[in-house]
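Structure file start-v2.cif (mmCIF, C-alpha atoms) follows.
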data_run
loop_
_atom_site.group_PDB
_atom_site.id
_atom_site.type_symbol
_atom_site.label_atom_id
_atom_site.label_comp_id
_atom_site.auth_asym_id
_atom_site.auth_seq_id
_atom_site.Cartn_x
_atom_site.Cartn_y
_atom_site.Cartn_z
ATOM 1 C CA MET A 1 141.783 -199.856 33.600
ATOM 2 C CA ASP A 2 138.493 -201.579 34.319
ATOM 3 C CA LEU A 3 136.204 -200.691 31.437
ATOM 4 C CA VAL A 4 133.131 -202.639 32.551
ATOM 5 C CA PRO A 5 131.386 -199.735 34.391
ATOM 6 C CA TYR A 6 131.741 -197.472 31.339
ATOM 7 C CA ILE A 7 130.428 -200.113 28.946
ATOM 8 C CA ALA A 8 127.600 -201.138 31.295
ATOM 9 C CA ALA A 9 126.531 -197.521 31.820
ATOM 10 C CA SER A 10 126.540 -196.896 28.048
ATOM 11 C CA TYR A 11 124.394 -199.951 27.325
ATOM 12 C CA ALA A 12 122.033 -199.100 30.200
ATOM 13 C CA LEU A 13 121.539 -195.582 28.806
ATOM 14 C CA GLY A 14 121.216 -196.972 25.292
ATOM 15 C CA ILE A 15 118.281 -199.102 26.426
ATOM 16 C CA LEU A 16 116.758 -196.754 29.031
ATOM 17 C CA ILE A 17 116.535 -193.502 27.029
ATOM 18 C CA PRO A 18 114.843 -194.925 23.901
ATOM 19 C CA GLY A 19 112.821 -197.257 26.147
ATOM 20 C CA ILE A 20 111.400 -194.371 28.186
ATOM 21 C CA PHE A 21 110.497 -192.494 25.001
ATOM 22 C CA ALA A 22 108.842 -195.597 23.546
ATOM 23 C CA VAL A 23 106.795 -196.384 26.673
ATOM 24 C CA THR A 24 105.637 -192.789 27.195
ATOM 25 C CA ALA A 25 104.677 -192.481 23.501
ATOM 26 C CA TYR A 26 102.700 -195.742 23.697
ATOM 27 C CA LEU A 27 100.904 -194.658 26.893
ATOM 28 C CA ARG A 28 100.167 -191.204 25.464
ATOM 29 C CA VAL A 29 98.654 -192.548 22.245
ATOM 30 C CA GLY A 30 96.560 -195.042 24.256
ATOM 31 C CA ALA A 31 95.212 -192.285 26.514
ATOM 32 C CA ALA A 32 94.446 -190.037 23.515
ATOM 33 C CA ARG A 33 92.665 -192.901 21.734
ATOM 34 C CA ARG A 34 90.468 -193.673 24.763
ATOM 35 C CA ARG A 35 89.633 -190.002 25.324
ATOM 36 C CA LEU A 36 88.804 -189.481 21.661
ATOM 37 C CA ALA A 37 86.590 -192.561 21.592
ATOM 38 C CA ALA A 38 84.740 -191.193 24.650
ATOM 39 C CA ILE A 39 83.984 -187.746 23.217
ATOM 40 C CA ASP A 40 83.901 -188.220 19.450
ATOM 41 C CA PRO A 41 80.255 -188.288 18.266
ATOM 42 C CA ARG A 42 81.293 -190.474 15.332
ATOM 43 C CA ALA A 43 82.520 -193.134 17.763
ATOM 44 C CA ASN A 44 78.912 -194.415 18.070
ATOM 45 C CA ARG A 45 78.578 -195.139 14.357
ATOM 46 C CA PRO A 46 78.889 -198.727 12.987
ATOM 47 C CA GLY A 47 82.544 -199.735 12.584
ATOM 48 C CA ALA A 48 83.604 -197.174 15.142
ATOM 49 C CA GLY A 49 85.519 -199.722 17.221
ATOM 50 C CA ALA A 50 88.004 -200.413 14.447
ATOM 51 C CA ARG A 51 88.144 -196.698 13.655
ATOM 52 C CA ALA A 52 88.912 -195.835 17.274
ATOM 53 C CA ARG A 53 91.731 -198.386 17.371
ATOM 54 C CA ARG A 54 93.268 -196.718 14.300
ATOM 55 C CA GLY A 55 92.945 -193.266 15.770
ATOM 56 C CA GLY A 56 89.293 -192.508 15.199
ATOM 57 C CA SER A 57 89.516 -189.159 13.463
ATOM 58 C CA SER A 58 87.983 -190.007 10.106
ATOM 59 C CA MET B 59 102.396 -186.079 -0.434
ATOM 60 C CA HIS B 60 99.391 -184.036 0.688
ATOM 61 C CA ARG B 61 97.189 -187.113 0.302
ATOM 62 C CA PHE B 62 99.303 -189.007 2.874
ATOM 63 C CA ALA B 63 99.646 -185.926 5.080
ATOM 64 C CA ASN B 64 95.883 -185.766 5.597
ATOM 65 C CA PRO B 65 95.449 -186.413 9.363
ATOM 66 C CA GLY B 66 92.961 -189.257 8.910
ATOM 67 C CA GLN B 67 95.105 -190.901 6.244
ATOM 68 C CA PHE B 68 98.178 -190.383 8.409
ATOM 69 C CA LEU B 69 96.522 -192.130 11.368
ATOM 70 C CA ARG B 70 95.502 -195.092 9.221
ATOM 71 C CA LEU B 71 98.889 -195.403 7.526
ATOM 72 C CA SER B 72 100.987 -194.880 10.655
ATOM 73 C CA GLY B 73 98.747 -197.256 12.614
ATOM 74 C CA ALA B 74 99.661 -199.978 10.127
ATOM 75 C CA VAL B 75 103.367 -199.106 9.940
ATOM 76 C CA VAL B 76 104.286 -198.487 13.610
ATOM 77 C CA PRO B 77 103.920 -202.129 14.819
ATOM 78 C CA TRP B 78 106.253 -203.329 12.049
ATOM 79 C CA LEU B 79 108.763 -200.552 12.745
ATOM 80 C CA SER B 80 108.681 -201.364 16.467
ATOM 81 C CA ALA B 81 109.126 -205.104 15.931
ATOM 82 C CA GLY B 82 111.969 -204.517 13.457
ATOM 83 C CA ALA B 83 113.626 -202.074 15.852
ATOM 84 C CA LEU B 84 113.466 -204.506 18.780
ATOM 85 C CA VAL B 85 114.918 -207.399 16.780
ATOM 86 C CA LEU B 86 117.693 -205.372 15.123
ATOM 87 C CA ILE B 87 118.715 -203.555 18.317
ATOM 88 C CA ALA B 88 118.791 -206.846 20.236
ATOM 89 C CA ILE B 89 120.951 -208.507 17.550
ATOM 90 C CA GLY B 90 123.242 -205.474 17.203
ATOM 91 C CA LEU B 91 123.804 -204.958 20.925
ATOM 92 C CA ILE B 92 124.231 -208.639 21.864
ATOM 93 C CA TRP B 93 126.577 -209.147 18.911
ATOM 94 C CA GLY B 94 128.482 -205.964 19.751
ATOM 95 C CA LEU B 95 128.714 -206.697 23.462
ATOM 96 C CA PHE B 96 129.580 -210.398 23.430
ATOM 97 C CA PHE B 97 130.706 -211.568 19.987
ATOM 98 C CA SER B 98 132.464 -208.701 18.201
ATOM 99 C CA PRO B 99 136.233 -208.436 18.679
ATOM 100 C CA ALA B 100 137.904 -205.921 20.976
ATOM 101 C CA ASP B 101 139.868 -203.133 19.303
ATOM 102 C CA TRP B 102 143.657 -203.598 19.221
ATOM 103 C CA GLN B 103 144.159 -200.082 20.580
ATOM 104 C CA GLN B 104 141.029 -199.289 22.621
ATOM 105 C CA GLY B 105 140.301 -202.776 23.913
ATOM 106 C CA ASN B 106 136.729 -203.429 25.062
ATOM 107 C CA ALA B 107 135.909 -199.700 25.272
ATOM 108 C CA VAL B 108 135.154 -199.889 21.532
ATOM 109 C CA ARG B 109 131.897 -201.704 22.418
ATOM 110 C CA ILE B 110 130.449 -198.324 23.441
ATOM 111 C CA MET B 111 130.498 -197.556 19.716
ATOM 112 C CA TYR B 112 127.403 -199.746 19.152
ATOM 113 C CA ILE B 113 125.356 -197.242 21.184
ATOM 114 C CA HIS B 114 127.298 -194.037 20.554
ATOM 115 C CA VAL B 115 127.410 -194.103 16.738
ATOM 116 C CA PRO B 116 123.660 -194.761 16.201
ATOM 117 C CA ALA B 117 122.864 -192.039 18.765
ATOM 118 C CA ALA B 118 125.182 -189.581 16.968
ATOM 119 C CA TRP B 119 123.664 -190.456 13.580
ATOM 120 C CA LEU B 120 120.125 -189.993 14.895
ATOM 121 C CA ALA B 121 120.994 -186.727 16.645
ATOM 122 C CA SER B 122 121.928 -185.266 13.239
ATOM 123 C CA ALA B 123 119.350 -187.140 11.139
ATOM 124 C CA GLY B 124 116.603 -186.193 13.607
ATOM 125 C CA TYR B 125 117.543 -182.548 13.304
ATOM 126 C CA ALA B 126 117.532 -182.857 9.492
ATOM 127 C CA GLY B 127 114.009 -184.309 9.804
ATOM 128 C CA LEU B 128 113.042 -181.400 12.033
ATOM 129 C CA ALA B 129 114.374 -178.985 9.402
ATOM 130 C CA VAL B 130 112.406 -180.726 6.614
ATOM 131 C CA CYS B 131 109.220 -180.473 8.702
ATOM 132 C CA SER B 132 110.030 -176.798 9.322
ATOM 133 C CA VAL B 133 110.344 -176.092 5.577
ATOM 134 C CA ILE B 134 107.006 -177.837 4.934
ATOM 135 C CA SER B 135 105.488 -175.901 7.825
ATOM 136 C CA LEU B 136 106.744 -172.511 6.599
ATOM 137 C CA VAL B 137 106.120 -173.029 2.872
ATOM 138 C CA TRP B 138 102.924 -175.109 2.779
ATOM 139 C CA ARG B 139 101.653 -174.328 6.308
ATOM 140 C CA HIS B 140 100.789 -177.976 6.757
ATOM 141 C CA PRO B 141 99.548 -178.695 10.317
ATOM 142 C CA LEU B 142 100.891 -182.255 10.306
ATOM 143 C CA ALA B 143 104.423 -180.926 9.677
ATOM 144 C CA ASP B 144 103.987 -178.603 12.686
ATOM 145 C CA LEU B 145 102.945 -181.496 14.911
ATOM 146 C CA ALA B 146 105.744 -183.751 13.616
ATOM 147 C CA ALA B 147 108.346 -181.021 14.238
ATOM 148 C CA VAL B 148 107.107 -180.557 17.808
ATOM 149 C CA GLU B 149 107.319 -184.318 18.415
ATOM 150 C CA ILE B 150 110.746 -184.794 16.802
ATOM 151 C CA GLY B 151 112.305 -182.180 19.113
ATOM 152 C CA PRO B 152 112.282 -184.076 22.436
ATOM 153 C CA VAL B 153 113.205 -187.414 20.818
ATOM 154 C CA GLY B 154 116.106 -185.807 18.956
ATOM 155 C CA ALA B 155 117.230 -184.099 22.163
ATOM 156 C CA GLY B 156 117.093 -187.462 23.961
ATOM 157 C CA PHE B 157 119.276 -189.152 21.346
ATOM 158 C CA THR B 158 121.692 -186.180 21.363
ATOM 159 C CA ALA B 159 121.935 -186.478 25.146
ATOM 160 C CA LEU B 160 122.579 -190.212 24.694
ATOM 161 C CA CYS B 161 125.322 -189.416 22.171
ATOM 162 C CA LEU B 162 126.960 -186.909 24.537
ATOM 163 C CA ALA B 163 126.673 -189.205 27.568
ATOM 164 C CA THR B 164 128.085 -192.280 25.805
ATOM 165 C CA GLY B 165 130.781 -190.078 24.267
ATOM 166 C CA SER B 166 131.773 -189.008 27.770
ATOM 167 C CA LEU B 167 131.729 -192.603 28.969
ATOM 168 C CA TRP B 168 133.980 -193.543 26.047
ATOM 169 C CA GLY B 169 136.207 -190.487 26.417
ATOM 170 C CA LYS B 170 137.032 -190.944 30.098
ATOM 171 C CA PRO B 171 138.930 -194.248 29.761
ATOM 172 C CA MET B 172 140.408 -193.355 26.344
ATOM 173 C CA TRP B 173 141.319 -189.669 26.715
ATOM 174 C CA GLY B 174 141.417 -189.444 30.501
ATOM 175 C CA ALA B 175 138.688 -186.752 30.529
ATOM 176 C CA TRP B 176 134.893 -186.797 30.617
ATOM 177 C CA TRP B 177 134.768 -183.731 28.393
ATOM 178 C CA VAL B 178 137.072 -181.706 26.155
ATOM 179 C CA TRP B 179 136.158 -178.551 24.237
ATOM 180 C CA ASP B 180 136.885 -180.315 21.002
ATOM 181 C CA ALA B 181 135.184 -179.076 17.783
ATOM 182 C CA ARG B 182 133.123 -182.260 17.311
ATOM 183 C CA LEU B 183 131.957 -182.445 20.933
ATOM 184 C CA THR B 184 131.212 -178.732 21.114
ATOM 185 C CA SER B 185 129.221 -178.708 17.862
ATOM 186 C CA VAL B 186 127.126 -181.660 19.105
ATOM 187 C CA LEU B 187 126.553 -179.805 22.383
ATOM 188 C CA VAL B 188 125.338 -176.818 20.314
ATOM 189 C CA LEU B 189 122.965 -179.214 18.520
ATOM 190 C CA PHE B 190 121.617 -180.326 21.926
ATOM 191 C CA PHE B 191 120.984 -176.681 22.868
ATOM 192 C CA LEU B 192 119.281 -176.098 19.493
ATOM 193 C CA TYR B 193 116.921 -178.966 20.255
ATOM 194 C CA LEU B 194 116.233 -177.552 23.742
ATOM 195 C CA GLY B 195 115.674 -174.091 22.254
ATOM 196 C CA HIS B 196 113.201 -175.527 19.750
ATOM 197 C CA ILE B 197 111.337 -177.453 22.476
ATOM 198 C CA ALA B 198 111.059 -174.288 24.584
ATOM 199 C CA LEU B 199 110.177 -171.952 21.706
ATOM 200 C CA VAL B 200 107.291 -173.964 20.227
ATOM 201 C CA ARG B 201 105.676 -174.043 23.682
ATOM 202 C CA ALA B 202 106.368 -170.393 24.551
ATOM 203 C CA PHE B 203 103.366 -168.802 22.784
ATOM 204 C CA ASP B 204 99.691 -168.759 23.709
ATOM 205 C CA ASP B 205 98.902 -169.152 20.018
ATOM 206 C CA PRO B 206 100.426 -172.512 19.019
ATOM 207 C CA VAL B 207 100.730 -171.476 15.345
ATOM 208 C CA ARG B 208 103.068 -168.619 16.295
ATOM 209 C CA GLY B 209 105.118 -171.117 18.295
ATOM 210 C CA TYR B 210 105.317 -173.481 15.314
ATOM 211 C CA ARG B 211 106.500 -170.654 13.018
ATOM 212 C CA ALA B 212 109.126 -169.401 15.497
ATOM 213 C CA GLY B 213 110.338 -172.963 16.097
ATOM 214 C CA ALA B 214 110.556 -173.602 12.354
ATOM 215 C CA ILE B 215 112.714 -170.499 11.846
ATOM 216 C CA LEU B 216 115.016 -171.512 14.709
ATOM 217 C CA ALA B 217 115.258 -175.055 13.309
ATOM 218 C CA LEU B 218 116.258 -173.748 9.877
ATOM 219 C CA ILE B 219 118.873 -171.386 11.319
ATOM 220 C CA GLY B 220 120.272 -174.293 13.339
ATOM 221 C CA VAL B 221 120.765 -176.432 10.224
ATOM 222 C CA VAL B 222 124.109 -174.672 9.780
ATOM 223 C CA ASP B 223 125.365 -176.780 12.716
ATOM 224 C CA LEU B 224 124.923 -180.080 10.797
ATOM 225 C CA PRO B 225 127.793 -179.586 8.281
ATOM 226 C CA ILE B 226 129.909 -178.173 11.119
ATOM 227 C CA ILE B 227 129.355 -181.414 13.074
ATOM 228 C CA LYS B 228 130.091 -183.527 10.002
ATOM 229 C CA PHE B 229 133.260 -181.733 8.891
ATOM 230 C CA SER B 230 134.542 -180.592 12.297
ATOM 231 C CA VAL B 231 136.982 -183.509 12.399
ATOM 232 C CA ASP B 232 138.397 -182.457 9.000
ATOM 233 C CA TRP B 233 138.422 -178.682 9.488
ATOM 234 C CA TRP B 234 140.072 -178.658 12.914
ATOM 235 C CA ASN B 235 142.558 -180.766 14.836
ATOM 236 C CA THR B 236 140.294 -182.715 17.121
ATOM 237 C CA LEU B 237 140.744 -185.323 19.785
ATOM 238 C CA HIS B 238 137.681 -187.042 18.317
ATOM 239 C CA GLN B 239 138.622 -189.534 15.626
ATOM 240 C CA PRO B 240 137.742 -188.874 11.943
ATOM 241 C CA ASP B 241 134.762 -190.651 10.337
ATOM 242 C CA THR B 242 135.306 -194.386 9.957
ATOM 243 C CA ILE B 243 132.244 -194.906 7.738
ATOM 244 C CA THR B 244 131.510 -192.668 4.760
ATOM 245 C CA LEU B 245 128.988 -192.919 1.944
ATOM 246 C CA THR B 246 131.653 -192.652 -0.746
ATOM 247 C CA GLY B 247 134.558 -194.760 0.511
ATOM 248 C CA ALA B 248 135.189 -198.167 2.013
ATOM 249 C CA PRO B 249 134.763 -198.277 5.809
ATOM 250 C CA HIS B 250 137.979 -198.125 7.871
ATOM 251 C CA MET B 251 136.674 -200.785 10.182
ATOM 252 C CA TYR B 252 137.050 -204.508 10.655
ATOM 253 C CA ILE B 253 134.042 -206.254 9.098
ATOM 254 C CA ALA B 254 133.300 -208.169 12.334
ATOM 255 C CA MET B 255 132.708 -204.789 14.006
ATOM 256 C CA LEU B 256 130.876 -203.245 11.057
ATOM 257 C CA TRP B 257 127.985 -205.742 10.952
ATOM 258 C CA PRO B 258 126.793 -205.310 14.552
ATOM 259 C CA LEU B 259 127.183 -201.549 14.114
ATOM 260 C CA LEU B 260 124.946 -201.645 11.021
ATOM 261 C CA PHE B 261 122.360 -203.753 12.870
ATOM 262 C CA SER B 262 122.232 -201.441 15.880
ATOM 263 C CA THR B 263 122.210 -198.291 13.699
ATOM 264 C CA LEU B 264 119.327 -199.580 11.585
ATOM 265 C CA GLY B 265 117.495 -200.783 14.705
ATOM 266 C CA TYR B 266 117.796 -197.446 16.491
ATOM 267 C CA THR B 267 116.739 -195.643 13.297
ATOM 268 C CA LEU B 268 113.556 -197.740 13.132
ATOM 269 C CA ALA B 269 112.983 -197.108 16.858
ATOM 270 C CA PHE B 270 113.373 -193.358 16.336
ATOM 271 C CA ALA B 271 110.865 -193.451 13.464
ATOM 272 C CA ALA B 272 108.400 -195.562 15.479
ATOM 273 C CA ILE B 273 108.627 -193.241 18.501
ATOM 274 C CA VAL B 274 108.184 -190.069 16.421
ATOM 275 C CA LEU B 275 105.257 -191.562 14.473
ATOM 276 C CA THR B 276 103.569 -192.714 17.705
ATOM 277 C CA ARG B 277 104.024 -189.311 19.342
ATOM 278 C CA THR B 278 102.712 -187.582 16.213
ATOM 279 C CA ARG B 279 99.681 -189.923 16.194
ATOM 280 C CA ALA B 280 98.997 -188.917 19.795
ATOM 281 C CA ALA B 281 99.404 -185.229 18.906
ATOM 282 C CA VAL B 282 96.927 -185.531 16.004
ATOM 283 C CA MET B 283 94.358 -187.196 18.288
ATOM 284 C CA GLU B 284 94.928 -184.633 21.065
ATOM 285 C CA ARG B 285 94.373 -181.821 18.566
ATOM 286 C CA ARG B 286 91.099 -183.400 17.475
ATOM 287 C CA ILE B 287 90.073 -183.775 21.147
ATOM 288 C CA ARG B 288 90.793 -180.067 21.749
ATOM 289 C CA GLY B 289 88.775 -179.177 18.645
ATOM 290 C CA LEU B 290 85.805 -181.284 19.750
ATOM 291 C CA LEU B 291 85.882 -179.869 23.292
ATOM 292 C CA MET B 292 86.048 -176.297 21.979
ATOM 293 C CA ALA B 293 83.156 -176.946 19.574
ATOM 294 C CA ARG B 294 81.162 -178.454 22.423
ATOM 295 C CA ALA B 295 81.943 -175.515 24.727
ATOM 296 C CA SER B 296 80.970 -172.923 22.093
ATOM 297 C CA ALA B 297 77.722 -174.809 21.361
ATOM 298 C CA GLN B 298 76.813 -174.705 25.064
ATOM 299 C CA GLU B 299 77.489 -170.963 25.409
ATOM 300 C CA PRO B 300 74.258 -169.017 25.924
ATOM 301 C CA GLY B 301 73.273 -166.698 23.071
#
What do you get writing this file as C-alpha cells?
Amino acid sequence: MDLVPYIAASYALGILIPGIFAVTAYLRVGAARRRLAAIDPRANRPGAGARARRGGSS
Amino acid sequence: MHRFANPGQFLRLSGAVVPWLSAGALVLIAIGLIWGLFFSPADWQQGNAVRIMYIHVPAAWLASAGYAGLAVCSVISLVWRHPLADLAAVEIGPVGAGFTALCLATGSLWGKPMWGAWWVWDARLTSVLVLFFLYLGHIALVRAFDDPVRGYRAGAILALIGVVDLPIIKFSVDWWNTLHQPDTITLTGAPHMYIAMLWPLLFSTLGYTLAFAAIVLTRTRAAVMERRIRGLLMARASAQEPG
C-alpha cells in the first residue's frame, strides 16, 4: 500500500494547524498593540515607544 | 504567583519569553520532523506509516496537557477570581481544540493504512473525541454570555467537570481491549521504542510543546491588551456622556 499520501497529509496538517494559530496570534497581538498605542493616554509619555512594543499597559 | 500574574508584569515577562519560545519551537520542530521523516528507521511491522507518529504523539500529548492547563486556569479563576487566569483559559481553548483535531486527523491518517478504517469506536479514540467536544463546549460557553465574567465562571466549571476525561484517555488502553496500541513511553518505565525513533519524537514533542506555549502566551497578551482597549474606550465614552 502506498503510504506517501497519508504521511504527506499528516506532515502538512502538522505544519499548517500550528502555523495558522501562530500567524493569527502574531497578527492579533500586533493589531492590539497598535490600537492600544493609538488610544492609550500614557503612550505620549517619555519611553512610551518601548512600553508600547512590550504591550503598553503599565 | 500574583506578582507575575499582574497584567503589566505579565506583558513584560511574556514579551521577553515568547521570542525565545518561538525560536526554540521552530528549531526543535524542524529537527524532529526532518529527522523523523528522512533519517529515522521504518518500523518492522508498520513500515513508513510509523513516521506519522512524529506529528500524532506530540498532538495527543498537547491535547491532554492543554486541557490540564485549562483546568489549572479554571481552578485559579474560580478560587482566586484572577482575571489573567480567565483570559488564559479562553485562549487555551481554541489552541487545545486545534491540537486535538490534529491528533484525531493524524490518527485517522495512520489508522486507515494500518487498521483499514479511518475511524473505529475504540475507547482511546472515543475518549479523545469527547475531549475535542469538551474543548468546543468550553469555547462556546465562555462566549455565550453578555457578561464575560459569567461566561468565564461557566466555562471554568465545564472545564473542571471535563477533567474526568483525562485519566480515561490515559488508561483507556489498559482498561479496555482497544485497537489503539498501549503507551510506548511512560514516566516510570523504559520506553518500548527503538532509540533511533525516540530521539526525533522527543525533539518534535518538545518543539510542539514550546510552540503551544508561545501561541497561548501570544494570544493571552493580545487578550490583555484588548481588555485594556475596551476599558479605555468605555472610560472615554462615559466621560463624554452629558450630565
Should the cut-off be 6 Å, what would the residue list for chain B against chain A look like, counting all atoms listed in the file, as a ChimeraX atom specification? /B:66,69-70,73,110,113,164,167,273,276-277,280,283-284,287
Generate the output file for the selected residues, C-alpha atoms, as a PDB file, in the coordinates of the input.
ATOM      1  CA  GLY B  66      92.961-189.257   8.910  1.00  0.00           C
ATOM      2  CA  LEU B  69      96.522-192.130  11.368  1.00  0.00           C
ATOM      3  CA  ARG B  70      95.502-195.092   9.221  1.00  0.00           C
ATOM      4  CA  GLY B  73      98.747-197.256  12.614  1.00  0.00           C
ATOM      5  CA  ILE B 110     130.449-198.324  23.441  1.00  0.00           C
ATOM      6  CA  ILE B 113     125.356-197.242  21.184  1.00  0.00           C
ATOM      7  CA  THR B 164     128.085-192.280  25.805  1.00  0.00           C
ATOM      8  CA  LEU B 167     131.729-192.603  28.969  1.00  0.00           C
ATOM      9  CA  ILE B 273     108.627-193.241  18.501  1.00  0.00           C
ATOM     10  CA  THR B 276     103.569-192.714  17.705  1.00  0.00           C
ATOM     11  CA  ARG B 277     104.024-189.311  19.342  1.00  0.00           C
ATOM     12  CA  ALA B 280      98.997-188.917  19.795  1.00  0.00           C
ATOM     13  CA  MET B 283      94.358-187.196  18.288  1.00  0.00           C
ATOM     14  CA  GLU B 284      94.928-184.633  21.065  1.00  0.00           C
ATOM     15  CA  ILE B 287      90.073-183.775  21.147  1.00  0.00           C
TER      16      ILE B 287
END
Out of B:Cys131, B:Ala181, B:Leu199, B:Met172, which residue has the shortest atom-to-atom distance to Gln104 (chain B) when counting all atoms listed in the file?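 Closest to Gln104 (chain B), using all atoms listed in the file: B:Met172.
Counting only C-alpha atoms, Val133 (chain B) has the following residues at most 9 Å away, ignoring those fewer than 3 positions along the same chain: Leu128, Ala129, Val130, Leu136, Val137, Trp138, Arg139, Ala143, Ala214, Ile215 and Leu218 of chain B.
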Of the residues B:Pro240, B:Val148, B:Trp234, B:Trp176, which is the one nearest to Ala198 (chain B), using all atoms listed in the file? B:Val148
Using CA of Pro171 (chain B) and CA of Gly247 (chain B) as the two end points, give the distance in Å to one decimal.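 Answer for the CA of Pro171 (chain B) to CA of Gly247 (chain B) separation: 29.6 Å.
Residue nearest Ser98 (chain B) within the list B:Pro141, B:Pro258, B:Gly174, B:Gly169: B:Pro258 [criterion: smallest interatomic distance, only C-alpha atoms].
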Separation of CA of Leu145 (chain B) from CA of Gly220 (chain B), in Å and rounded to one decimal: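 According to the coordinates, CA of Leu145 (chain B) and CA of Gly220 (chain B) are separated by 18.8 Å.
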How far is it from CA of Trp257 (chain B) to CA of Val85 (chain B), in Å with one decimal?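 Answer for the CA of Trp257 (chain B) to CA of Val85 (chain B) separation: 14.4 Å.
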Could you list as a VMD selection string every residue that has an atom within 12 Å of (122.7, -184.4, 12.9), using the file's coordinates and counting only C-alpha atoms? chain B and resid 115 to 129 154 to 155 157 to 158 161 182 185 to 190 192 to 193 217 220 to 229
Which residues are close to Leu86 (chain B), i.e. within 9 Å by all atoms listed in the file, leaving aside same-chain residues fewer than 5 positions away? Reply as a PyMOL selection string. chain B and resi 81+91+261-266+268
Would you mind exporting the chosen residues as a tab-separated table (two decimals), in the frame of the given file, restricted to C-alpha atoms?
chain	number	residue	atom	x	y	z
B	81	ALA	CA	109.13	-205.10	15.93
B	91	LEU	CA	123.80	-204.96	20.92
B	261	PHE	CA	122.36	-203.75	12.87
B	262	SER	CA	122.23	-201.44	15.88
B	263	THR	CA	122.21	-198.29	13.70
B	264	LEU	CA	119.33	-199.58	11.58
B	265	GLY	CA	117.50	-200.78	14.70
B	266	TYR	CA	117.80	-197.45	16.49
B	268	LEU	CA	113.56	-197.74	13.13
Run through the PyMOL selection byres ((chain B and resi 109) around 7) on the given coordinates and return the selected residues as an MDAnalysis selection string. (chainID A and resid 7) or (chainID B and resid 94:95 106:108 110:112)
Using C-alpha atoms, can you export the residues from the last selection as a PDB file, in the frame of the given file?
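What ended up in result.pdb:
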ATOM      1  CA  ILE A   7     130.428-200.113  28.946  1.00  0.00           C
TER       2      ILE A   7
ATOM      3  CA  GLY B  94     128.482-205.964  19.751  1.00  0.00           C
ATOM      4  CA  LEU B  95     128.714-206.697  23.462  1.00  0.00           C
ATOM      5  CA  ASN B 106     136.729-203.429  25.062  1.00  0.00           C
ATOM      6  CA  ALA B 107     135.909-199.700  25.272  1.00  0.00           C
ATOM      7  CA  VAL B 108     135.154-199.889  21.532  1.00  0.00           C
ATOM      8  CA  ILE B 110     130.449-198.324  23.441  1.00  0.00           C
ATOM      9  CA  MET B 111     130.498-197.556  19.716  1.00  0.00           C
ATOM     10  CA  TYR B 112     127.403-199.746  19.152  1.00  0.00           C
TER      11      TYR B 112
END
